[in-house]
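Below is one structure, written out as structure tokens; comments come after it.
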Amino acid sequence: MTKSRSVEVGSKKVNLIPFSGWMVVFVLIPIALVVYYAFTGVDGFTLTNLKWIWVYRDTLWLSVWLSVIATVICLLLAYPVAYMISRAGEKMQRNATLFIMLPMWMNFLVRTYAWMTILENNGLVNNALRGIFGEDFAGLNMINNHGAIVLGMVYNYLPYMILPIYTALTKIDNSLIEAARDLGSGAVQVFRRIVLPLSVPGIISGITMVFIPSISTFIISKILGGGKDFLIGDLIEDYFLGNSGVVNYNIGAALSLVIMVMILLATYLMNRFDKDAKTSGGGIL
Amino acid sequence: MRKVVLSVLAVLVIAAIVVTGSVISGNTNSAAGSINVYNWGEYIDQSVLSDFEEQTGIKVNYTTYASNEEMYAKIVSGAASYDVIVPSEYMLSKMIDEGLIAELDYDNIPNYQYIGEKYRGLPYDPEEKYSVPYTWGTVVIVYNTKYVDEEDVADESLELLWNEKYAGKILMFDNPRDAFALALTRAGHSMNTTDPADWEEAADMLMAQKPLVQAYVMDQVFDKMIGEEAYIAPYYAGDAMTMIDENEDLAAYVPVEGANQFVDVMCVLKNSPHKKEAEQFINFMCETDIAVRNAEEVCYAIPHTAAFEELDEETQEDTMVYPPQEVLDKCEVFTNLPPETLLLQSDLWIKLKTTY
């Protein structure tokens with residue numbers, strides 16, 4: 001008996017090796033390198049790299065602000081969609097989730113470039129408006145500004161908000177809703193007191209999965225923002241690639257570290273907030 | 001201690017990548033009989049690559065970059081190994097100084113004989129040891145004649161890039177060296193100046209220009225100028241010709257204040273494992289008919305004398321592609337800037353991009 005159990009434990013250990021190896025090589029070592037570079041300079045250990053976080057506080061603030069707006073918009077758009085899908089028939093649910101995933105089969109860059117041709121002054125939207133209002137219509141100014149960057153974030157990361165919320169909603173036991181109804185709750189009250197609290201884990205995952213890629217993006221601001229205003233991701237890319245003429249891994253790493261700390265902090269706060277509604281699951285992270 | 005930790009980590013990462021890489025892809029890139037060519041975007045007639053593969057049996061892995069700085073960073077990071085690269089002259093100087101470039105065996109490149117006398121032994125490679133010139137040209141100002149008034153371009157000046165009348169319709173280089181060169185020239189300084197005050201002055205000009213700029217672009221300039229999304233853009237002469245070919249309302253001029261003149265050269269990296277094949281590739285690119293095809297596709301001026309003879313007359317006499325000597329006299333070739341100037345350039349450029 002004891003023997004067979006140890007074999008089983010052993011085989012489980014063996015199965016963990018590829019995954020833990022992967023985590024060590026592609027997660028732990030890179031993080032270790034980031035930390036290492038962030039605290040070193042030409043003369044060894046130093047804290048001076050951290051001063052750049054203060055120097056670039058406006059950039060950091062802009063990135064946070066745009067990401068928060070994008071996340072809020074995603075949440076407002078995604079919740080009703082996820083709710084409707086979760087209430088639909090099984091076949092409809094399958095098709096709807098498929099359609100939400102469909103754009104993700106295309107390359108991220110191609111999709112973002114496509115928005116350029118849609119939003120430009122001579123783009124699809126403005127040309128359609130010219131068709132309505134006549135050739136002299138000046139056109140709406142929709143690209144190369146912060147709004148276009150937020151749009152790019154919302155468009156690209158919306159599925160990551162819909163899917164976890166949808167998963168959380170489908171996991172809600174229908175008998176709870178029926179019981180509430182039987183006890184005399186109206187639709188609004190059922191939603192507010194049953195459905196919404198039980199879908200919080202999905203909302204939390206969704207927020208995390210939209211906020212994190214938004215705050216670290218560098219290509220959306222370049223393509224849709226006209227390359228005029230750096231977000232923190234652009235700044236990090238610039239320091240690592242040296243596009244401005246100087247390669248500086250130390251400053252790049254220090255700025256990356258800030259983002260990582262901010263994300264960890266956000267995730268921690270989210271999980272604290274989440275602790276009441278832990279049981280219904282649906283979280284991806 | 002620091003070095004030990006770092007090298008252990010680096011070895012682990014490399015080992016992991018090599019192991020996973022060879023398991024997944026069979027590690028085809030380093031197989032003999034293939035070379036990695038790293039060139040500018042939109043800078044070749046792609047069909048010559050398959051011709052080369054057919055003729056020699058050597059496979060070409062072709063990748064592109066948008067700026068010298070991007071190429072340089074990729075090479076020094078060691079993230080990828082390339083055999084043939086095509087830097088501009090100032091970047092070649094820097095890379096020779098840093099020992100990154102291999103000396104060529106010109107016996108393997110007999111077609112070097114076609115390179116014109118005035119493109120040989122230039123300051124970036126005075127002893128003709130490292131490079132074979134590919135194309136050359138100047139920076140020009142491209143504009144759309146439909147939207148830009150004649151009186152605004154009559155003086156063929158850089159001022160057009162700062163003309164408030166065209167706010168929101170002006171594009172600008174998205175790399176600091178080219179962008180600062182325009183501003184430094186406008187301010188009457190050398191684009192190779194090392195005086196911080198000159199750079200500060202140029203930075204102020206770029207800052208003043210930012211509200212007028214629609215977008216900072218590199219290869220996106222093609223779409224935006226051809227599609228008439230923007231009306232004015234500084235860019236490299238050959239690419240300007242390509243744009244004009246696509247949209248006949250476009251025109252261009254070399255600014256009277258002067259502009260950057262560049263030579264892009266083919267060279268081989270010192271750590272290239274396929275030096276011979278790389279030289280074979282460079283030689284192939286200098287075959288007369290191949291050089292003609294490339295020149296017709298990329299529209300840049302070529303240093304290849306035999307191929308030049310075969311171009312149509314219109315191109316030969318195009319003063320924008322082959323500017324007359326008095327125009328070239330006003331142009332300036334980039335030199336490799338000293339580290340402290342590069343640091344200042346980087347700081348000022350990032351400041352431009354992080355001032356909201």
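Going by the structure tokens order, chains are called A, B, ..., each with residues numbered from 1, while ligands are numbered from 1 in the order shown.
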Name all residues at most 6 Å from A:Gly233 (count only C-alpha atoms; drop same-chain ones fewer than 5 positions away) and give them as a PyMOL selection string.
chain A and resi 216-218
Tell me as number ranges by chain which residues belonging to chain A come within 7 Å of chain B, counting only C-alpha atoms.
A: 25, 29, 59, 121-122, 144, 226-230, 241-246
Write out the residues from the selection above, keeping N, CA and C atoms, as a compact mmCIF listing (two decimals), in the first residue's frame.
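Done, and the output landed in part_5.txt:
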# COMPACT_ATOMS: atom_id res chain seq x y z
N VAL A 25 12.58 28.83 -16.20
CA VAL A 25 13.35 29.41 -17.31
C VAL A 25 12.68 30.66 -17.86
N ILE A 29 13.68 33.23 -14.03
CA ILE A 29 14.97 33.79 -14.45
C ILE A 29 14.79 35.17 -15.09
N THR A 59 4.53 59.96 -17.61
CA THR A 59 4.31 58.85 -18.54
C THR A 59 3.58 57.71 -17.84
N ASN A 121 -8.35 60.04 -41.52
CA ASN A 121 -9.13 61.12 -42.09
C ASN A 121 -9.71 60.71 -43.44
N ASN A 122 -8.95 59.92 -44.21
CA ASN A 122 -9.47 59.37 -45.46
C ASN A 122 -9.90 57.92 -45.26
N ASN A 144 -4.54 59.18 -34.02
CA ASN A 144 -3.36 59.90 -33.53
C ASN A 144 -3.67 60.72 -32.28
N GLY A 226 -0.05 57.63 -33.25
CA GLY A 226 0.81 58.42 -34.11
C GLY A 226 2.25 58.54 -33.61
N GLY A 227 2.61 57.74 -32.63
CA GLY A 227 3.98 57.77 -32.11
C GLY A 227 4.35 59.09 -31.45
N LYS A 228 3.33 59.88 -31.07
CA LYS A 228 3.63 61.20 -30.53
C LYS A 228 3.90 61.17 -29.03
N ASP A 229 3.09 60.40 -28.32
CA ASP A 229 3.22 60.37 -26.87
C ASP A 229 3.60 58.96 -26.43
N PHE A 230 4.73 58.86 -25.73
CA PHE A 230 5.16 57.58 -25.20
C PHE A 230 4.25 57.14 -24.05
N LEU A 241 15.82 48.77 -26.77
CA LEU A 241 16.24 48.68 -28.17
C LEU A 241 17.16 49.82 -28.59
N GLY A 242 17.20 50.87 -27.79
CA GLY A 242 18.09 51.96 -28.12
C GLY A 242 17.68 52.77 -29.34
N ASN A 243 16.40 52.84 -29.63
CA ASN A 243 15.95 53.60 -30.79
C ASN A 243 16.34 55.07 -30.70
N SER A 244 16.46 55.58 -29.48
CA SER A 244 16.81 56.99 -29.33
C SER A 244 18.32 57.20 -29.38
N GLY A 245 19.07 56.14 -29.51
CA GLY A 245 20.51 56.30 -29.63
C GLY A 245 21.29 55.68 -28.49
N VAL A 246 20.63 55.38 -27.38
CA VAL A 246 21.32 54.80 -26.23
C VAL A 246 20.55 53.58 -25.73
Can you pull out the residues contacting A:Ile219? Cut-off 10 Å, using only C-alpha atoms, and skip same-chain residues under 2 positions away; I want them as a PDB file with N, CA and C atoms, in the first residue's frame.
ATOM      1  N   PHE A 108      -2.565  40.150 -33.895  1.00  0.00           N
ATOM      2  CA  PHE A 108      -2.807  41.366 -33.147  1.00  0.00           C
ATOM      3  C   PHE A 108      -2.401  42.632 -33.924  1.00  0.00           C
ATOM      4  N   LEU A 109      -1.236  42.566 -34.577  1.00  0.00           N
ATOM      5  CA  LEU A 109      -0.750  43.730 -35.319  1.00  0.00           C
ATOM      6  C   LEU A 109      -1.651  44.055 -36.499  1.00  0.00           C
ATOM      7  N   THR A 112      -4.741  45.731 -35.401  1.00  0.00           N
ATOM      8  CA  THR A 112      -4.539  47.112 -34.986  1.00  0.00           C
ATOM      9  C   THR A 112      -4.307  48.018 -36.199  1.00  0.00           C
ATOM     10  N   ILE A 149      -5.941  55.432 -28.816  1.00  0.00           N
ATOM     11  CA  ILE A 149      -5.170  54.435 -28.059  1.00  0.00           C
ATOM     12  C   ILE A 149      -6.113  53.631 -27.170  1.00  0.00           C
ATOM     13  N   GLY A 152      -8.027  51.200 -29.206  1.00  0.00           N
ATOM     14  CA  GLY A 152      -7.202  50.043 -29.544  1.00  0.00           C
ATOM     15  C   GLY A 152      -7.126  49.049 -28.394  1.00  0.00           C
ATOM     16  N   SER A 216       0.916  47.766 -20.206  1.00  0.00           N
ATOM     17  CA  SER A 216       2.256  47.493 -20.712  1.00  0.00           C
ATOM     18  C   SER A 216       2.351  47.586 -22.236  1.00  0.00           C
ATOM     19  N   THR A 217       1.275  48.003 -22.894  1.00  0.00           N
ATOM     20  CA  THR A 217       1.321  48.003 -24.364  1.00  0.00           C
ATOM     21  C   THR A 217       2.281  49.062 -24.895  1.00  0.00           C
ATOM     22  N   SER A 221       0.020  52.368 -28.952  1.00  0.00           N
ATOM     23  CA  SER A 221       0.248  53.817 -28.921  1.00  0.00           C
ATOM     24  C   SER A 221       1.032  54.261 -30.146  1.00  0.00           C
ATOM     25  N   LYS A 222       1.882  53.368 -30.652  1.00  0.00           N
ATOM     26  CA  LYS A 222       2.683  53.727 -31.821  1.00  0.00           C
ATOM     27  C   LYS A 222       1.804  53.781 -33.078  1.00  0.00           C
ATOM     28  N   ILE A 223       0.935  52.781 -33.239  1.00  0.00           N
ATOM     29  CA  ILE A 223       0.144  52.691 -34.465  1.00  0.00           C
ATOM     30  C   ILE A 223      -1.042  53.653 -34.430  1.00  0.00           C
ATOM     31  N   LEU A 224      -1.791  53.637 -33.337  1.00  0.00           N
ATOM     32  CA  LEU A 224      -3.011  54.448 -33.295  1.00  0.00           C
ATOM     33  C   LEU A 224      -2.781  55.817 -32.652  1.00  0.00           C
ATOM     34  N   GLY A 225      -1.691  55.953 -31.900  1.00  0.00           N
ATOM     35  CA  GLY A 225      -1.418  57.235 -31.256  1.00  0.00           C
ATOM     36  C   GLY A 225      -0.484  58.117 -32.077  1.00  0.00           C
ATOM     37  N   GLY A 227       2.610  57.738 -32.625  1.00  0.00           N
ATOM     38  CA  GLY A 227       3.984  57.773 -32.109  1.00  0.00           C
ATOM     39  C   GLY A 227       4.346  59.089 -31.452  1.00  0.00           C
ATOM     40  N   LEU A 231       3.861  55.883 -24.046  1.00  0.00           N
ATOM     41  CA  LEU A 231       3.347  55.271 -22.832  1.00  0.00           C
ATOM     42  C   LEU A 231       4.530  54.585 -22.157  1.00  0.00           C
ATOM     43  N   GLY A 233       5.204  51.577 -21.733  1.00  0.00           N
ATOM     44  CA  GLY A 233       5.698  50.461 -22.543  1.00  0.00           C
ATOM     45  C   GLY A 233       6.623  50.929 -23.662  1.00  0.00           C
ATOM     46  N   ASP A 234       6.284  52.060 -24.287  1.00  0.00           N
ATOM     47  CA  ASP A 234       7.141  52.614 -25.338  1.00  0.00           C
ATOM     48  C   ASP A 234       8.504  52.992 -24.770  1.00  0.00           C
ATOM     49  N   GLU A 237      10.545  49.904 -24.118  1.00  0.00           N
ATOM     50  CA  GLU A 237      11.032  49.380 -25.401  1.00  0.00           C
ATOM     51  C   GLU A 237      12.200  50.223 -25.901  1.00  0.00           C
TER      52      GLU A 237
END
Find the residues near B:Trp199: any atom within 10 Å, counting only C-alpha atoms, skip ones fewer than 5 places away on the same chain, and give them as a PyMOL selection string.
chain B and resi 180-181+183-184+187+189+191-194+204-205+341+344-345+348
Output C-alpha atoms of each residue in that selection to a file, as a short mmCIF file (atom, residue, chain, number, x, y, z; two decimals), in the first residue's frame.
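Writing done, so here's out-v8.cif:
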data_model
loop_
_atom_site.label_atom_id
_atom_site.label_comp_id
_atom_site.auth_asym_id
_atom_site.auth_seq_id
_atom_site.Cartn_x
_atom_site.Cartn_y
_atom_site.Cartn_z
CA PHE B 180 17.41 66.16 -35.25
CA ALA B 181 19.38 66.48 -38.51
CA ALA B 183 16.15 70.70 -37.00
CA LEU B 184 19.91 71.24 -36.67
CA ALA B 187 18.99 76.21 -37.06
CA HIS B 189 24.22 74.03 -37.37
CA MET B 191 24.03 67.80 -38.17
CA ASN B 192 27.18 66.31 -36.64
CA THR B 193 27.60 69.03 -34.05
CA THR B 194 28.69 68.00 -30.56
CA ASP B 204 13.19 73.33 -28.91
CA MET B 205 12.38 73.42 -32.61
CA THR B 341 26.22 63.49 -27.65
CA LEU B 344 22.01 63.97 -24.97
CA GLN B 345 20.19 63.07 -28.21
CA LEU B 348 16.10 65.16 -25.69
#
Å distance separating atom CA of B:Ser272 from atom CA of B:Phe334, one decimal place
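If I compute the distance from atom CA of B:Ser272 to atom CA of B:Phe334, I get 26.6 Å.
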Provide the atom CA of B:Thr63 to atom CA of B:Ile75 distance in Å, to one decimal place.
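Separation between atom CA of B:Thr63 and atom CA of B:Ile75: 12.7 Å.
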Nearest to A:Asn156 among A:Phe133, A:Tyr113, A:Phe191, A:Tyr56, with distances taken over only C-alpha atoms: which residue is it?
A:Tyr113
Distance query B:Met266 at most 7 Å, only C-alpha atoms, self and fewer than 6 positions along chain excluded, as a VMD selection string:
chain B and resid 84 to 86 131 to 134 282
Between A:Gly139, A:Pro80, A:Pro18, A:Gly89, which residue has the minimum interatomic distance to A:Leu163, considering only C-alpha atoms?
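Of the candidates, the smallest distance to A:Leu163 is held by A:Pro80.
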Nearest to B:Glu310, chosen from B:Ile290, B:Val327, B:Ala202, B:Val140, with only C-alpha atoms counted in the distances:
B:Ile290
Could you give me, as a ChimeraX atom specification, the residues within 7 Å of stretch 291-307 of chain B, counting only C-alpha atoms and dropping anything in the same chain fewer than 6 positions from it?
/B:43-45,114-116,119,133-137,237-239,241-242,285,321-322
Counting only C-alpha atoms, the residue of A:Val247, A:Met116, A:Ala168, A:Val68 that sits nearest A:Ala266
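Going through A:Val247, A:Met116, A:Ala168, A:Val68 one by one, the smallest distance to A:Ala266 is for A:Val68.
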For each of A:Lys51, A:Leu269, A:Pro159, A:Gly131, take the minimum atom-to-atom distance to A:Pro103, counting only C-alpha atoms, then give the residue where this is smallest.
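Under the stated criterion, the closest residue is A:Pro159.
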I need the helix (DSSP H, G or I) residues of stretch 70-271 of chain A per DSSP on the backbone, written as JSON, numbers by chain.
{"A": [70, 71, 72, 73, 74, 75, 76, 77, 78, 79, 80, 81, 82, 83, 84, 85, 86, 87, 90, 91, 92, 93, 94, 95, 96, 97, 98, 99, 100, 101, 102, 103, 104, 105, 108, 109, 110, 111, 112, 113, 114, 115, 116, 117, 118, 119, 124, 125, 126, 127, 128, 129, 130, 131, 132, 133, 146, 147, 148, 149, 150, 151, 152, 153, 154, 155, 156, 157, 158, 159, 160, 161, 162, 163, 164, 165, 166, 167, 168, 169, 170, 174, 175, 176, 177, 178, 179, 180, 181, 182, 187, 188, 189, 190, 191, 192, 193, 194, 195, 196, 197, 198, 200, 201, 202, 203, 204, 205, 206, 207, 208, 209, 210, 211, 212, 213, 214, 215, 219, 220, 221, 222, 223, 224, 232, 233, 234, 235, 236, 237, 238, 239, 240, 241, 249, 250, 251, 252, 253, 254, 255, 256, 257, 258, 259, 260, 261, 262, 263, 264, 265, 266, 267, 268, 269, 270, 271]}
Include C-alpha atoms and write out the residues we just selected as a short mmCIF file (atom, residue, chain, number, x, y, z; two decimals), in the first residue's frame.
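This is the output file selection_13.cif:
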data_model
loop_
_atom_site.label_atom_id
_atom_site.label_comp_id
_atom_site.auth_asym_id
_atom_site.auth_seq_id
_atom_site.Cartn_x
_atom_site.Cartn_y
_atom_site.Cartn_z
CA ALA A 70 -10.00 51.14 -21.22
CA THR A 71 -10.70 48.66 -18.43
CA VAL A 72 -13.83 50.48 -17.29
CA ILE A 73 -15.17 50.68 -20.85
CA CYS A 74 -14.42 46.99 -21.37
CA LEU A 75 -16.31 46.14 -18.18
CA LEU A 76 -19.34 48.22 -19.14
CA LEU A 77 -19.42 46.68 -22.61
CA ALA A 78 -18.60 43.13 -21.58
CA TYR A 79 -20.99 42.58 -18.68
CA PRO A 80 -24.28 42.87 -20.60
CA VAL A 81 -22.85 40.79 -23.45
CA ALA A 82 -21.60 38.08 -21.11
CA TYR A 83 -24.93 38.13 -19.26
CA MET A 84 -26.98 37.75 -22.43
CA ILE A 85 -24.81 34.91 -23.69
CA SER A 86 -25.00 33.06 -20.38
CA ARG A 87 -28.83 33.25 -20.46
CA GLU A 90 -26.62 26.01 -25.40
CA LYS A 91 -26.09 26.24 -29.15
CA MET A 92 -26.31 30.02 -29.10
CA GLN A 93 -23.76 30.09 -26.27
CA ARG A 94 -21.31 28.01 -28.27
CA ASN A 95 -21.68 30.16 -31.37
CA ALA A 96 -21.48 33.43 -29.46
CA THR A 97 -18.27 32.49 -27.65
CA LEU A 98 -16.84 31.36 -30.97
CA PHE A 99 -17.61 34.73 -32.50
CA ILE A 100 -16.00 36.53 -29.59
CA MET A 101 -12.84 34.49 -30.04
CA LEU A 102 -12.88 34.77 -33.84
CA PRO A 103 -10.95 38.08 -34.12
CA MET A 104 -8.23 36.61 -31.94
CA TRP A 105 -7.37 34.17 -34.72
CA PHE A 108 -2.81 41.37 -33.15
CA LEU A 109 -0.75 43.73 -35.32
CA VAL A 110 -2.91 43.20 -38.39
CA ARG A 111 -6.04 43.93 -36.38
CA THR A 112 -4.54 47.11 -34.99
CA TYR A 113 -3.35 48.27 -38.41
CA ALA A 114 -6.86 47.68 -39.70
CA TRP A 115 -8.13 50.28 -37.23
CA MET A 116 -5.75 52.75 -38.79
CA THR A 117 -7.52 52.49 -42.14
CA ILE A 118 -10.88 52.70 -40.41
CA LEU A 119 -10.16 55.80 -38.31
CA LEU A 124 -13.71 54.14 -43.95
CA VAL A 125 -15.73 56.04 -41.36
CA ASN A 126 -14.92 59.52 -42.62
CA ASN A 127 -15.48 58.52 -46.24
CA ALA A 128 -18.85 57.08 -45.32
CA LEU A 129 -19.70 60.34 -43.56
CA ARG A 130 -18.62 62.23 -46.66
CA GLY A 131 -21.05 60.09 -48.61
CA ILE A 132 -23.80 61.38 -46.34
CA PHE A 133 -22.79 65.00 -45.71
CA HIS A 146 -5.32 59.31 -26.77
CA GLY A 147 -8.88 58.30 -27.61
CA ALA A 148 -7.62 56.11 -30.44
CA ILE A 149 -5.17 54.43 -28.06
CA VAL A 150 -7.98 53.64 -25.63
CA LEU A 151 -10.06 52.31 -28.50
CA GLY A 152 -7.20 50.04 -29.54
CA MET A 153 -6.94 48.70 -26.01
CA VAL A 154 -10.68 48.14 -25.68
CA TYR A 155 -10.95 46.42 -29.04
CA ASN A 156 -7.97 44.13 -28.52
CA TYR A 157 -8.63 43.14 -24.93
CA LEU A 158 -12.45 43.07 -24.77
CA PRO A 159 -12.63 39.25 -25.20
CA TYR A 160 -10.49 38.85 -22.09
CA MET A 161 -13.20 40.66 -20.15
CA ILE A 162 -16.22 38.91 -21.68
CA LEU A 163 -15.02 35.34 -21.34
CA PRO A 164 -14.24 35.20 -17.60
CA ILE A 165 -17.46 37.05 -16.73
CA TYR A 166 -19.40 34.67 -18.97
CA THR A 167 -17.77 31.66 -17.29
CA ALA A 168 -18.60 33.01 -13.84
CA LEU A 169 -22.21 33.69 -14.84
CA THR A 170 -22.78 30.20 -16.27
CA ASN A 174 -30.07 28.53 -11.39
CA SER A 175 -31.93 27.27 -8.33
CA LEU A 176 -30.56 30.21 -6.37
CA ILE A 177 -32.21 32.58 -8.80
CA GLU A 178 -35.42 30.56 -8.75
CA ALA A 179 -35.43 30.56 -4.95
CA ALA A 180 -35.00 34.32 -4.88
CA ARG A 181 -37.86 34.68 -7.32
CA ASP A 182 -40.06 32.40 -5.24
CA ALA A 187 -35.59 41.10 -11.52
CA VAL A 188 -33.50 44.05 -10.37
CA GLN A 189 -33.14 42.70 -6.89
CA VAL A 190 -32.21 39.23 -8.15
CA PHE A 191 -29.49 40.75 -10.27
CA ARG A 192 -28.20 43.04 -7.55
CA ARG A 193 -28.24 40.56 -4.69
CA ILE A 194 -27.60 37.20 -6.43
CA VAL A 195 -26.14 37.45 -9.91
CA LEU A 196 -23.80 40.39 -9.50
CA PRO A 197 -22.12 39.25 -6.26
CA LEU A 198 -21.67 35.73 -7.60
CA VAL A 200 -17.47 39.11 -8.98
CA PRO A 201 -14.65 36.56 -9.46
CA GLY A 202 -15.19 36.76 -13.23
CA ILE A 203 -15.16 40.55 -13.09
CA ILE A 204 -11.94 40.48 -11.10
CA SER A 205 -10.21 38.18 -13.61
CA GLY A 206 -11.53 40.29 -16.46
CA ILE A 207 -10.22 43.51 -14.94
CA THR A 208 -6.82 41.96 -14.34
CA MET A 209 -6.62 40.50 -17.83
CA VAL A 210 -7.52 43.79 -19.51
CA PHE A 211 -5.59 46.13 -17.24
CA ILE A 212 -2.28 44.26 -17.37
CA PRO A 213 -1.80 44.12 -21.15
CA SER A 214 -3.18 47.68 -21.46
CA ILE A 215 -0.69 49.21 -19.09
CA ILE A 219 2.55 49.02 -30.12
CA ILE A 220 -1.02 50.37 -29.86
CA SER A 221 0.25 53.82 -28.92
CA LYS A 222 2.68 53.73 -31.82
CA ILE A 223 0.14 52.69 -34.46
CA LEU A 224 -3.01 54.45 -33.30
CA ILE A 232 5.44 53.48 -20.23
CA GLY A 233 5.70 50.46 -22.54
CA ASP A 234 7.14 52.61 -25.34
CA LEU A 235 9.68 54.02 -22.92
CA ILE A 236 10.80 50.58 -21.80
CA GLU A 237 11.03 49.38 -25.40
CA ASP A 238 13.07 52.44 -26.28
CA TYR A 239 15.57 51.84 -23.48
CA PHE A 240 15.98 48.18 -24.41
CA LEU A 241 16.24 48.68 -28.17
CA TYR A 249 18.93 47.92 -19.80
CA ASN A 250 19.20 49.31 -16.25
CA ILE A 251 16.68 52.11 -16.68
CA GLY A 252 14.47 49.85 -18.80
CA ALA A 253 14.53 47.19 -16.11
CA ALA A 254 13.81 49.70 -13.34
CA LEU A 255 10.73 50.93 -15.21
CA SER A 256 9.62 47.34 -15.91
CA LEU A 257 9.95 46.61 -12.23
CA VAL A 258 7.54 49.44 -11.39
CA ILE A 259 4.96 47.99 -13.73
CA MET A 260 5.40 44.54 -12.22
CA VAL A 261 5.03 45.90 -8.70
CA MET A 262 1.94 47.88 -9.70
CA ILE A 263 0.39 44.80 -11.30
CA LEU A 264 1.18 42.64 -8.26
CA LEU A 265 -0.32 45.28 -6.01
CA ALA A 266 -3.43 45.55 -8.15
CA THR A 267 -3.83 41.77 -8.22
CA TYR A 268 -3.40 41.62 -4.44
CA LEU A 269 -6.02 44.30 -3.84
CA MET A 270 -8.35 42.57 -6.28
CA ASN A 271 -7.96 39.27 -4.49
#
